[in-house]
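**Student:** This is upload-v9.txt, which holds compact mmCIF, C-alpha atoms and all ligand atoms:
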```txt
# COMPACT_ATOMS: atom_id res chain seq x y z
CA MET A 1 -25.72 17.36 0.17
CA LYS A 2 -25.51 16.79 3.94
CA ILE A 3 -24.84 13.36 5.45
CA LEU A 4 -24.69 12.63 9.16
CA ILE A 5 -22.88 9.56 10.50
CA LYS A 6 -24.28 9.04 13.98
CA ASN A 7 -23.08 7.23 17.09
CA GLY A 8 -19.95 5.69 15.59
CA HIS A 9 -16.71 5.27 17.50
CA LEU A 10 -14.23 7.60 15.80
CA VAL A 11 -10.58 6.63 15.66
CA ASP A 12 -8.56 9.44 14.14
CA PRO A 13 -4.90 9.35 15.18
CA SER A 14 -4.23 12.61 13.27
CA GLN A 15 -5.94 14.42 16.17
CA SER A 16 -5.54 11.73 18.87
CA PHE A 17 -9.29 11.18 18.72
CA ASN A 18 -10.60 7.86 20.03
CA LYS A 19 -14.19 8.16 21.24
CA GLN A 20 -17.82 8.10 20.23
CA ALA A 21 -18.96 11.08 18.14
CA ASP A 22 -21.19 12.16 15.29
CA ILE A 23 -19.69 13.37 12.06
CA LEU A 24 -21.36 15.77 9.65
CA ILE A 25 -20.39 15.76 6.00
CA GLU A 26 -21.29 18.64 3.75
CA ASP A 27 -20.41 19.10 0.08
CA GLY A 28 -17.79 16.37 0.13
CA ARG A 29 -15.96 17.62 3.20
CA ILE A 30 -16.05 16.99 6.89
CA ALA A 31 -18.05 19.85 8.36
CA GLN A 32 -18.25 19.00 12.04
CA VAL A 33 -17.29 16.34 14.59
CA ALA A 34 -19.12 16.53 17.93
CA PRO A 35 -20.63 14.25 20.59
CA GLN A 36 -24.19 14.94 19.34
CA ILE A 37 -25.15 16.62 16.07
CA SER A 38 -28.82 17.09 15.24
CA THR A 39 -28.69 19.26 12.11
CA PRO A 40 -31.34 18.22 9.53
CA CYS A 41 -29.60 16.18 6.81
CA ASP A 42 -30.28 14.52 3.47
CA ARG A 43 -29.22 11.21 4.97
CA VAL A 44 -28.49 9.91 8.46
CA VAL A 45 -26.31 6.81 8.75
CA GLU A 46 -26.58 4.92 12.02
CA ALA A 47 -23.09 3.74 12.95
CA SER A 48 -23.51 2.50 16.51
CA GLY A 49 -21.29 -0.52 16.99
CA LEU A 50 -19.08 0.59 14.11
CA THR A 51 -15.66 2.20 14.10
CA VAL A 52 -15.27 5.27 11.90
CA ILE A 53 -11.78 5.89 10.54
CA PRO A 54 -10.17 8.14 7.94
CA GLY A 55 -10.09 6.28 4.61
CA LEU A 56 -6.97 4.18 4.17
CA ILE A 57 -4.14 5.50 2.02
CA ASP A 58 -2.12 2.89 0.15
CA MET A 59 1.15 4.24 -1.19
CA HIS A 60 2.02 1.07 -3.11
CA THR A 61 -0.62 -0.12 -5.57
CA HIS A 62 -0.26 -1.56 -9.05
CA LEU A 63 -3.28 -0.44 -11.09
CA ARG A 64 -1.71 -1.84 -14.30
CA GLU A 65 -3.32 0.74 -16.60
CA PRO A 66 -2.10 1.62 -19.18
CA GLY A 67 -0.92 -1.56 -20.82
CA TYR A 68 -1.76 -4.48 -18.57
CA GLU A 69 -5.53 -4.27 -18.35
CA GLY A 70 -5.76 -8.07 -18.42
CA LYS A 71 -4.42 -7.92 -14.86
CA GLU A 72 -6.26 -4.82 -13.63
CA ASP A 73 -7.39 -1.38 -14.71
CA ILE A 74 -8.09 1.87 -12.95
CA LEU A 75 -11.77 1.05 -12.49
CA THR A 76 -11.36 -2.50 -11.14
CA GLY A 77 -8.34 -1.53 -9.04
CA THR A 78 -10.15 1.35 -7.39
CA GLN A 79 -13.30 -0.75 -6.92
CA ALA A 80 -11.05 -3.15 -5.02
CA ALA A 81 -9.74 -0.18 -3.03
CA ALA A 82 -13.27 0.94 -2.14
CA HIS A 83 -14.11 -2.63 -1.14
CA GLY A 84 -11.21 -2.58 1.32
CA GLY A 85 -11.80 0.88 2.80
CA VAL A 86 -8.94 2.42 0.82
CA THR A 87 -9.73 5.93 -0.44
CA THR A 88 -6.34 6.92 -1.90
CA VAL A 89 -3.94 4.77 -3.87
CA ALA A 90 -0.55 5.69 -5.29
CA CYS A 91 -0.10 3.73 -8.49
CA MET A 92 3.28 2.38 -9.41
CA PRO A 93 4.91 3.17 -12.75
CA ASN A 94 5.54 -0.34 -14.13
CA THR A 95 2.83 0.12 -16.73
CA LYS A 96 3.13 -0.17 -20.53
CA PRO A 97 4.35 2.37 -21.48
CA VAL A 98 6.20 2.89 -18.24
CA THR A 99 4.96 5.98 -16.41
CA ASP A 100 8.10 7.95 -17.21
CA THR A 101 6.68 11.07 -18.88
CA SER A 102 4.13 13.71 -17.94
CA ILE A 103 1.91 12.48 -20.79
CA VAL A 104 1.42 9.15 -19.04
CA VAL A 105 1.01 10.83 -15.63
CA CYS A 106 -1.71 13.07 -17.08
CA GLY A 107 -3.33 10.15 -18.92
CA ILE A 108 -3.67 8.15 -15.70
CA LYS A 109 -5.04 11.16 -13.85
CA ALA A 110 -7.54 11.90 -16.63
CA ARG A 111 -8.74 8.30 -16.71
CA ALA A 112 -9.01 8.27 -12.91
CA ALA A 113 -11.05 11.47 -12.99
CA GLN A 114 -13.53 9.67 -15.27
CA CYS A 115 -13.92 6.38 -13.48
CA ALA A 116 -11.89 5.86 -10.29
CA LEU A 117 -13.57 5.04 -7.00
CA ALA A 118 -10.52 6.20 -5.04
CA HIS A 119 -8.21 9.18 -5.31
CA VAL A 120 -5.36 8.13 -7.58
CA GLU A 121 -1.88 9.53 -6.98
CA VAL A 122 0.77 8.71 -9.55
CA MET A 123 4.35 7.61 -8.96
CA GLY A 124 6.64 8.47 -11.83
CA ALA A 125 9.54 6.28 -12.87
CA ILE A 126 13.06 7.26 -11.85
CA THR A 127 14.65 6.18 -15.11
CA LYS A 128 13.36 6.01 -18.65
CA GLY A 129 11.54 2.74 -19.16
CA SER A 130 12.68 1.86 -15.62
CA GLU A 131 15.77 0.53 -17.37
CA GLY A 132 18.20 2.24 -15.02
CA LYS A 133 20.21 3.92 -17.77
CA GLU A 134 18.93 7.47 -18.14
CA LEU A 135 16.90 9.63 -15.77
CA ALA A 136 13.24 10.10 -16.65
CA GLU A 137 11.86 13.63 -16.83
CA MET A 138 11.23 13.83 -13.12
CA GLY A 139 10.76 17.61 -13.04
CA ASP A 140 8.14 17.53 -15.77
CA MET A 141 6.30 14.67 -14.08
CA ALA A 142 6.42 16.49 -10.73
CA ALA A 143 5.01 19.60 -12.40
CA HIS A 144 2.12 17.47 -13.65
CA GLY A 145 1.33 15.97 -10.27
CA ALA A 146 3.61 12.94 -9.78
CA VAL A 147 3.73 12.43 -6.04
CA ALA A 148 7.09 10.59 -5.86
CA PHE A 149 9.46 8.54 -8.01
CA SER A 150 10.24 4.85 -8.11
CA ASP A 151 11.47 2.15 -10.49
CA ASP A 152 9.41 -0.33 -8.50
CA GLY A 153 9.92 -3.91 -9.61
CA HIS A 154 13.61 -3.21 -10.23
CA GLN A 155 16.50 -1.82 -8.29
CA VAL A 156 18.26 1.15 -9.90
CA THR A 157 21.44 -0.87 -10.13
CA SER A 158 23.78 2.02 -10.82
CA ALA A 159 24.65 3.86 -7.60
CA ARG A 160 25.64 6.84 -9.74
CA MET A 161 22.21 6.96 -11.36
CA PHE A 162 20.40 6.60 -8.04
CA LEU A 163 22.52 9.31 -6.46
CA LEU A 164 21.73 11.66 -9.35
CA ALA A 165 18.03 10.84 -9.00
CA ALA A 166 18.22 11.59 -5.27
CA GLN A 167 19.70 15.01 -6.00
CA TYR A 168 16.91 15.77 -8.48
CA ALA A 169 14.21 14.47 -6.14
CA LYS A 170 15.59 16.67 -3.37
CA SER A 171 15.43 19.76 -5.56
CA LEU A 172 11.83 18.85 -6.47
CA HIS A 173 10.93 18.26 -2.78
CA LYS A 174 9.67 14.77 -3.62
CA PRO A 175 10.54 11.44 -2.01
CA LEU A 176 12.52 8.91 -3.99
CA VAL A 177 11.12 5.43 -3.44
CA SER A 178 13.70 2.66 -3.47
CA HIS A 179 12.95 -0.89 -4.60
CA ALA A 180 15.94 -1.98 -2.57
CA ILE A 181 16.86 -5.49 -3.68
CA ASP A 182 20.19 -6.22 -5.31
CA GLU A 183 19.18 -7.10 -8.85
CA GLU A 184 21.92 -9.64 -9.51
CA LEU A 185 21.46 -11.57 -6.27
CA ASN A 186 17.69 -11.43 -6.68
CA THR A 187 17.57 -13.00 -10.10
CA GLN A 188 19.24 -16.15 -8.78
CA GLY A 189 16.18 -17.22 -6.82
CA PHE A 190 12.41 -17.43 -6.68
CA MET A 191 11.60 -17.34 -2.96
CA HIS A 192 13.24 -16.62 0.40
CA GLU A 193 16.42 -18.66 0.88
CA GLY A 194 16.00 -20.89 3.90
CA ALA A 195 14.68 -24.19 5.16
CA MET A 196 11.48 -23.92 3.12
CA SER A 197 13.25 -23.22 -0.17
CA ALA A 198 15.59 -26.15 0.53
CA GLN A 199 12.65 -28.41 1.28
CA LEU A 200 10.83 -27.39 -1.90
CA GLY A 201 14.01 -27.52 -3.98
CA ILE A 202 13.45 -24.00 -5.25
CA PRO A 203 16.50 -21.71 -5.53
CA GLY A 204 16.28 -19.00 -2.87
CA VAL A 205 17.10 -15.30 -2.73
CA PRO A 206 19.42 -14.58 0.22
CA CYS A 207 18.15 -11.86 2.53
CA VAL A 208 21.46 -10.09 2.16
CA ALA A 209 20.24 -9.12 -1.34
CA GLU A 210 17.84 -6.73 0.39
CA ASP A 211 20.19 -5.65 3.17
CA ILE A 212 22.95 -4.59 0.75
CA ALA A 213 20.57 -2.51 -1.35
CA VAL A 214 18.93 -0.85 1.66
CA ALA A 215 22.33 0.05 3.08
CA ARG A 216 23.47 1.59 -0.21
CA ASP A 217 20.38 3.73 -0.52
CA CYS A 218 20.53 4.87 3.11
CA LEU A 219 24.10 5.99 2.47
CA ILE A 220 22.92 7.87 -0.62
CA ALA A 221 20.20 9.54 1.49
CA GLN A 222 22.86 10.54 3.99
CA TYR A 223 25.19 11.90 1.32
CA THR A 224 22.58 13.83 -0.66
CA GLY A 225 20.17 14.87 2.12
CA ALA A 226 17.31 13.64 -0.09
CA HIS A 227 14.25 11.93 1.35
CA ILE A 228 14.57 8.29 0.37
CA HIS A 229 11.66 6.02 1.18
CA MET A 230 12.37 2.29 1.34
CA ALA A 231 9.63 0.28 -0.32
CA HIS A 232 8.45 -3.03 1.17
CA ILE A 233 11.30 -3.79 3.59
CA SER A 234 11.13 -7.36 4.73
CA THR A 235 14.37 -8.49 6.39
CA LYS A 236 15.76 -8.12 9.88
CA GLY A 237 18.88 -6.59 8.37
CA ALA A 238 16.91 -3.98 6.44
CA VAL A 239 14.96 -2.98 9.56
CA ASP A 240 18.19 -2.68 11.57
CA ILE A 241 19.87 -0.61 8.87
CA VAL A 242 16.93 1.80 8.50
CA ARG A 243 16.73 2.13 12.29
CA TYR A 244 20.45 2.96 12.47
CA PHE A 245 20.28 5.62 9.75
CA LYS A 246 17.16 7.18 11.28
CA GLN A 247 19.07 7.45 14.56
CA GLN A 248 21.79 9.34 12.66
CA GLY A 249 19.17 11.87 11.54
CA VAL A 250 19.19 10.74 7.90
CA HIS A 251 15.98 11.43 6.00
CA VAL A 252 14.99 7.81 5.34
CA THR A 253 11.51 6.42 5.82
CA ALA A 254 10.21 2.91 5.27
CA GLU A 255 7.13 0.90 4.51
CA ALA A 256 6.21 -2.70 5.26
CA THR A 257 3.56 -4.68 3.45
CA VAL A 258 0.60 -6.38 5.08
CA HIS A 259 1.98 -9.75 3.93
CA HIS A 260 5.47 -9.26 5.31
CA LEU A 261 3.83 -8.48 8.66
CA THR A 262 1.59 -11.53 8.67
CA LEU A 263 2.84 -14.37 6.45
CA THR A 264 5.97 -16.50 6.41
CA ASP A 265 7.52 -18.54 3.62
CA GLN A 266 5.40 -21.44 4.91
CA ALA A 267 2.72 -19.94 2.66
CA CYS A 268 4.79 -21.17 -0.33
CA ALA A 269 4.56 -24.79 0.84
CA SER A 270 2.94 -27.02 -1.75
CA PHE A 271 4.33 -24.66 -4.37
CA ASN A 272 1.54 -22.14 -3.86
CA THR A 273 2.17 -19.54 -6.56
CA ALA A 274 -0.39 -17.20 -4.98
CA ALA A 275 2.25 -16.58 -2.30
CA LYS A 276 5.08 -15.80 -4.74
CA VAL A 277 6.08 -12.16 -4.35
CA SER A 278 9.08 -9.87 -4.45
CA PRO A 279 10.56 -9.33 -1.95
CA PRO A 280 9.67 -12.88 -0.97
CA LEU A 281 7.77 -13.99 2.10
CA ARG A 282 10.39 -14.55 4.77
CA SER A 283 10.94 -16.82 7.76
CA ALA A 284 9.39 -16.09 11.16
CA GLU A 285 12.43 -14.27 12.60
CA HIS A 286 12.20 -11.68 9.82
CA VAL A 287 8.45 -11.26 10.35
CA GLN A 288 9.17 -10.63 14.04
CA ALA A 289 11.79 -8.02 13.14
CA VAL A 290 9.42 -6.23 10.75
CA ARG A 291 6.74 -6.18 13.46
CA ALA A 292 9.26 -4.78 15.95
CA GLY A 293 10.21 -2.12 13.39
CA LEU A 294 6.56 -1.18 13.02
CA LEU A 295 6.14 -0.78 16.77
CA ASP A 296 9.31 1.23 17.40
CA GLY A 297 8.68 3.66 14.50
CA THR A 298 11.40 2.38 12.15
CA ILE A 299 8.60 1.48 9.73
CA ASP A 300 6.51 4.56 9.05
CA ILE A 301 3.66 3.19 6.97
CA ILE A 302 1.91 -0.02 5.96
CA VAL A 303 1.18 -0.67 2.28
CA THR A 304 -0.49 -3.44 0.31
CA ASP A 305 1.80 -3.76 -2.77
CA HIS A 306 -1.47 -4.75 -4.48
CA ALA A 307 -0.01 -6.54 -7.50
CA PRO A 308 -2.78 -8.33 -9.41
CA HIS A 309 -2.16 -10.69 -12.29
CA ALA A 310 -4.58 -12.56 -14.50
CA PRO A 311 -5.25 -15.76 -12.50
CA GLU A 312 -4.07 -17.97 -15.40
CA GLU A 313 -0.64 -16.27 -15.28
CA LYS A 314 -0.22 -17.69 -11.77
CA ASP A 315 -1.40 -21.14 -12.80
CA VAL A 316 2.09 -22.33 -13.80
CA GLU A 317 5.13 -23.88 -12.08
CA PHE A 318 6.34 -21.83 -9.12
CA ARG A 319 9.45 -20.46 -10.74
CA TYR A 320 7.59 -19.22 -13.83
CA ALA A 321 4.78 -17.48 -11.95
CA PRO A 322 4.90 -13.68 -11.83
CA ASN A 323 5.54 -12.03 -8.46
CA GLY A 324 2.73 -10.45 -6.51
CA PHE A 325 -0.91 -10.77 -5.53
CA PRO A 326 -3.83 -8.46 -4.83
CA GLY A 327 -4.03 -6.92 -1.36
CA LEU A 328 -6.45 -4.02 -1.29
CA GLU A 329 -9.49 -6.08 -0.28
CA THR A 330 -7.88 -7.94 2.60
CA SER A 331 -5.39 -5.46 4.11
CA LEU A 332 -7.33 -4.05 7.04
CA ALA A 333 -9.12 -7.29 7.89
CA VAL A 334 -5.89 -9.31 7.93
CA LEU A 335 -4.14 -6.76 10.15
CA LEU A 336 -7.12 -6.50 12.49
CA THR A 337 -7.15 -10.27 12.77
CA ASP A 338 -3.43 -10.91 13.17
CA LEU A 339 -2.14 -7.76 14.87
CA TYR A 340 -5.04 -5.98 16.57
CA HIS A 341 -7.20 -8.79 17.94
CA THR A 342 -4.07 -10.60 19.11
CA GLY A 343 -3.11 -7.54 21.15
CA LEU A 344 0.14 -6.89 19.26
CA VAL A 345 -0.80 -3.48 17.83
CA ASP A 346 -3.44 -1.05 19.09
CA LEU A 347 -6.04 0.38 16.75
CA PRO A 348 -4.79 4.00 16.63
CA THR A 349 -1.29 2.76 15.71
CA LEU A 350 -2.71 0.60 12.93
CA ILE A 351 -4.90 3.37 11.50
CA ASN A 352 -2.07 5.84 11.79
CA LYS A 353 0.26 3.62 9.74
CA MET A 354 -2.42 2.92 7.14
CA SER A 355 -3.90 6.39 6.75
CA CYS A 356 -2.58 9.40 8.68
CA ALA A 357 1.15 8.72 8.39
CA PRO A 358 1.12 8.10 4.61
CA ALA A 359 -0.81 11.37 4.07
CA LYS A 360 1.75 13.24 6.13
CA LEU A 361 4.78 11.55 4.61
CA PHE A 362 3.75 12.21 1.00
CA GLY A 363 1.97 15.55 1.60
CA LEU A 364 -1.48 14.32 0.57
CA PRO A 365 -4.93 15.48 1.57
CA GLY A 366 -6.90 12.92 3.61
CA GLY A 367 -5.75 10.73 6.46
CA THR A 368 -7.77 12.82 8.89
CA LEU A 369 -11.32 13.48 10.08
CA LYS A 370 -10.60 17.12 10.89
CA PRO A 371 -13.27 19.61 9.75
CA GLY A 372 -12.39 20.92 6.30
CA ALA A 373 -10.71 17.68 5.22
CA PRO A 374 -12.13 15.67 2.30
CA ALA A 375 -14.80 13.28 3.57
CA ASP A 376 -12.82 10.10 2.85
CA ILE A 377 -14.05 7.70 5.48
CA ALA A 378 -14.31 3.98 6.19
CA LEU A 379 -16.83 2.35 8.53
CA VAL A 380 -15.51 -0.81 10.11
CA ASP A 381 -17.16 -3.60 12.06
CA LEU A 382 -14.26 -4.73 14.22
CA GLN A 383 -15.99 -7.94 15.29
CA ARG A 384 -17.55 -9.21 12.07
CA GLU A 385 -16.23 -12.63 11.16
CA TRP A 386 -15.77 -13.64 7.54
CA THR A 387 -13.63 -15.89 5.39
CA VAL A 388 -11.47 -14.66 2.52
CA ASN A 389 -12.84 -15.87 -0.80
CA SER A 390 -11.04 -14.30 -3.74
CA GLN A 391 -13.99 -15.03 -6.02
CA HIS A 392 -15.75 -12.20 -4.18
CA PHE A 393 -12.96 -9.70 -4.93
CA TYR A 394 -13.50 -6.77 -7.27
CA THR A 395 -9.91 -6.90 -8.51
CA ARG A 396 -9.22 -8.95 -11.65
CA GLY A 397 -6.61 -10.83 -9.65
CA LYS A 398 -8.96 -13.37 -8.14
CA PHE A 399 -6.44 -15.25 -6.01
CA SER A 400 -4.82 -14.58 -2.67
CA PRO A 401 -2.26 -16.04 -0.29
CA PHE A 402 -4.94 -15.34 2.35
CA GLU A 403 -7.51 -17.56 0.59
CA GLY A 404 -9.70 -19.28 3.18
CA LYS A 405 -8.35 -17.18 6.06
CA ALA A 406 -10.85 -16.65 8.89
CA CYS A 407 -10.86 -12.91 9.55
CA ARG A 408 -12.31 -10.87 12.38
CA GLY A 409 -13.07 -7.29 11.32
CA GLN A 410 -14.48 -6.02 8.06
CA VAL A 411 -14.90 -2.71 6.28
CA VAL A 412 -18.66 -2.29 5.83
CA ALA A 413 -18.79 1.07 4.05
CA THR A 414 -16.43 3.44 2.27
CA MET A 415 -17.11 7.10 1.59
CA LEU A 416 -15.08 8.99 -1.01
CA ALA A 417 -15.28 12.78 -1.00
CA GLY A 418 -18.65 12.69 0.74
CA LYS A 419 -20.23 9.97 -1.41
CA PHE A 420 -20.62 6.32 -0.43
CA VAL A 421 -18.83 4.15 -2.97
CA MET A 422 -19.22 0.88 -1.05
CA GLU A 423 -21.87 -0.28 1.39
CA ASN A 424 -22.31 -3.74 2.91
CA GLY A 425 -19.54 -5.19 0.80
CA GLU A 426 -21.04 -3.99 -2.49
CA ILE A 427 -19.74 -1.27 -4.76
CA ILE A 428 -22.83 0.88 -4.95
CA CYS A 429 -21.88 3.69 -7.19
CA ASN A 430 -19.88 4.24 -10.25
CA LYS A 431 -18.37 7.63 -10.72
CA ASN A 432 -20.78 10.40 -11.87
O1 LIG B 1 5.71 -8.93 -6.13
C1 LIG B 1 5.86 -7.92 -6.78
N1 LIG B 1 5.06 -7.61 -7.82
N2 LIG B 1 6.87 -7.09 -6.47
C2 LIG B 1 7.18 -6.03 -7.22
O2 LIG B 1 8.08 -5.32 -6.87
C3 LIG B 1 6.44 -5.77 -8.47
C4 LIG B 1 5.09 -6.34 -8.42
C5 LIG B 1 4.39 -6.37 -9.75
O3 LIG B 1 4.43 -5.36 -10.46
O4 LIG B 1 3.76 -7.37 -10.07
```
For the file at hand, write its structure as structure tokens.
Ligand code: DOR
**Tutor:**
Amino acid sequence: MKILIKNGHLVDPSQSFNKQADILIEDGRIAQVAPQISTPCDRVVEASGLTVIPGLIDMHTHLREPGYEGKEDILTGTQAAAHGGVTTVACMPNTKPVTDTSIVVCGIKARAAQCALAHVEVMGAITKGSEGKELAEMGDMAAHGAVAFSDDGHQVTSARMFLLAAQYAKSLHKPLVSHAIDEELNTQGFMHEGAMSAQLGIPGVPCVAEDIAVARDCLIAQYTGAHIHMAHISTKGAVDIVRYFKQQGVHVTAEATVHHLTLTDQACASFNTAAKVSPPLRSAEHVQAVRAGLLDGTIDIIVTDHAPHAPEEKDVEFRYAPNGFPGLETSLAVLLTDLYHTGLVDLPTLINKMSCAPAKLFGLPGGTLKPGAPADIALVDLQREWTVNSQHFYTRGKFSPFEGKACRGQVVATMLAGKFVMENGEIICNKN
């Protein structure tokens, strides 16, 4: 099968490519990139006016399967990915059972092979049941394809346990992903502690809860030499601490979420549970610091933390609502609108942080349009205007803190391993 994408504007930061070109896809891989290709093909896709990018890679996705299929499953989660131009997701281990054995890792991979519309990488848990008491079988999970380890949703409260995990992760050549929020301080509140929490009368989580945990885990990275990746950092303090340790040559990397780059705790006004998330949406000075960290390289990658819930679970009083919201179907559009069209971040930087850099950091295929690479591609109309309406999402989590947002820029097609899985906003193919 040969497909030719003609006259698109290619943005591929992995090879500093930013110009018009044709791209030939053969047998699921990128065969050629050149100014003009006229090989006879099974299909020619006219992409003039569109931007062609390597498919996005989201290293922080909750697919919820096994165990929480009422919130999401591998099919609906990866349909949402395809809808948003995301071709690889790394699914987090807070499933039921927790992804803490190779059996669960293999089960997720087998299910994904049957039905997923994105490549699914699996994060194994650090501790059994993510309970922080005993290490999970990290070596066995790594041998069966786990890409990294995390107890996402909870801090590993014991420094001794986290240090041990870092030593194991180092010997396995895998990153350890830290959900760096002090558990005790965190459980005292339900949103960012500040003027907005005071106004709403909702107990807040102090930002020092994150700073303390990030500092501890940076020190453990320094002591062990392990690669520790800080999940969803969201405070000025956390950004400063990661920046400092990077300057010391410590192997720490960091991610920021789309929402911590674009929303403040104002989104929680009127007790909007759609905006309840952990770590919480912060005040504007923290958002500024996270943006600065993105621009100066302190923050290596952007993630969604796609965390769907059944909509009725969110339809309760603020403090009882679960944390998180879906993000796969809005990530690129929101960032194009708020960071690119406003002139704050250029397009290659954005695509690098959302595709090339995650591939490099976690040693994954994809994140590039180089010949030989898997043909994981998104076609984007940078100018198309649309309004977020969660009822049009493919995820089961049909709610969003971006509900009603006027966006400029939309993914119009997604190709996975040489096959279109989404065109014109519609999932057009189920696997096989
Ligand atoms: O908001 C969040 N939701 N933060 C997390 O760390 C976990 C996630 C979830 O699993 O729902």
**Student:** Work out how far CA of Ile302 in chain A is from CA of Ala256 in chain A, in Å to one decimal.
**Tutor:**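 These atoms are spaced 5.1 Å apart.
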**Student:** Please provide the set of residues having any atom within 6 Å of Ala136 in chain A, restricted to all atoms listed in the file, with same-chain residues fewer than 4 positions apart removed, written as a list of chain:residue names.
**Tutor:**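 So the residues in contact are A:Asp100, A:Ile126, A:Thr127, A:Lys128.
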**Student:** Please report the interatomic distance between CA of Ala116 in chain A and CA of Ala373 in chain A in Å with one decimal.
**Tutor:**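 Interatomic distance, CA of Ala116 in chain A to CA of Ala373 in chain A: 19.5 Å.
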**Student:** Enumerate residues in contact with ligand LIG 1 (chain B): an atom-to-atom distance of at most 9 Å, counting all atoms listed in the file. Format the result as a PyMOL selection string.
**Tutor:** chain A and resi 61-62+64+92-95+151-154+179+231-232+276-280+305-309+322-325
**Student:** Given the choices A:Ile53, A:Ile3, A:Leu164, A:Leu261, which gets closest to Phe17 in chain A if the distance is worked out from only C-alpha atoms?
**Tutor:**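 Looking only at the distances to Phe17 in chain A, the closest residue turns out to be A:Ile53.
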**Student:** Give the answer as one residue: which of A:Ala267, A:Leu416, A:Val290, A:Leu347 has the shortest atom-to-atom distance to Phe402 in chain A, using only C-alpha atoms?
**Tutor:**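 Among the listed residues, the smallest separation from Phe402 in chain A belongs to A:Ala267.
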**Student:** Between A:Val52, A:Ala321, A:Leu339, A:Ala269, which is the closest to Arg291 in chain A once you count only C-alpha atoms?
**Tutor:**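 Nearest to Arg291 in chain A: A:Leu339.
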**Student:** With distances taken over all atoms listed in the file, which residue among A:Val258, A:Ala378, A:Leu281, A:Leu361 lies nearest Asp300 in chain A?
**Tutor:**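 Going through A:Val258, A:Ala378, A:Leu281, A:Leu361 one by one, the smallest distance to Asp300 in chain A is for A:Leu361.
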**Student:** Some atoms are missing, so please complete range 252-263 of chain A with N, CA, C and O atoms and return it as a compact mmCIF listing (two decimals), in the coordinates of the input.
**Tutor:**
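The result, stored in rebuild32.txt:
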```
# COMPACT_ATOMS: atom_id res chain seq x y z
N VAL A 252 15.52 9.05 5.94
CA VAL A 252 14.99 7.81 5.34
C VAL A 252 13.69 7.46 6.04
O VAL A 252 13.54 7.66 7.25
N THR A 253 12.75 6.96 5.25
CA THR A 253 11.51 6.42 5.82
C THR A 253 11.32 5.03 5.20
O THR A 253 12.04 4.66 4.26
N ALA A 254 10.37 4.29 5.76
CA ALA A 254 10.21 2.91 5.27
C ALA A 254 8.77 2.45 5.37
O ALA A 254 8.01 2.92 6.21
N GLU A 255 8.46 1.54 4.48
CA GLU A 255 7.13 0.90 4.51
C GLU A 255 7.31 -0.60 4.67
O GLU A 255 8.34 -1.17 4.29
N ALA A 256 6.28 -1.23 5.25
CA ALA A 256 6.21 -2.70 5.26
C ALA A 256 4.87 -3.08 4.66
O ALA A 256 3.88 -2.33 4.78
N THR A 257 4.82 -4.22 4.03
CA THR A 257 3.56 -4.68 3.45
C THR A 257 2.76 -5.46 4.50
O THR A 257 3.33 -5.99 5.47
N VAL A 258 1.48 -5.57 4.23
CA VAL A 258 0.60 -6.38 5.08
C VAL A 258 1.14 -7.82 5.12
O VAL A 258 1.22 -8.44 6.19
N HIS A 259 1.57 -8.34 3.96
CA HIS A 259 1.98 -9.75 3.93
C HIS A 259 3.30 -10.01 4.63
O HIS A 259 3.49 -11.06 5.23
N HIS A 260 4.22 -9.03 4.58
CA HIS A 260 5.47 -9.26 5.31
C HIS A 260 5.28 -9.12 6.82
O HIS A 260 6.17 -9.50 7.60
N LEU A 261 4.15 -8.57 7.23
CA LEU A 261 3.83 -8.48 8.66
C LEU A 261 3.05 -9.69 9.15
O LEU A 261 2.89 -9.87 10.36
N THR A 262 2.53 -10.49 8.22
CA THR A 262 1.59 -11.53 8.67
C THR A 262 1.85 -12.94 8.12
O THR A 262 1.29 -13.90 8.65
N LEU A 263 2.63 -13.05 7.06
CA LEU A 263 2.84 -14.37 6.45
C LEU A 263 4.32 -14.75 6.49
O LEU A 263 5.18 -13.88 6.38
```
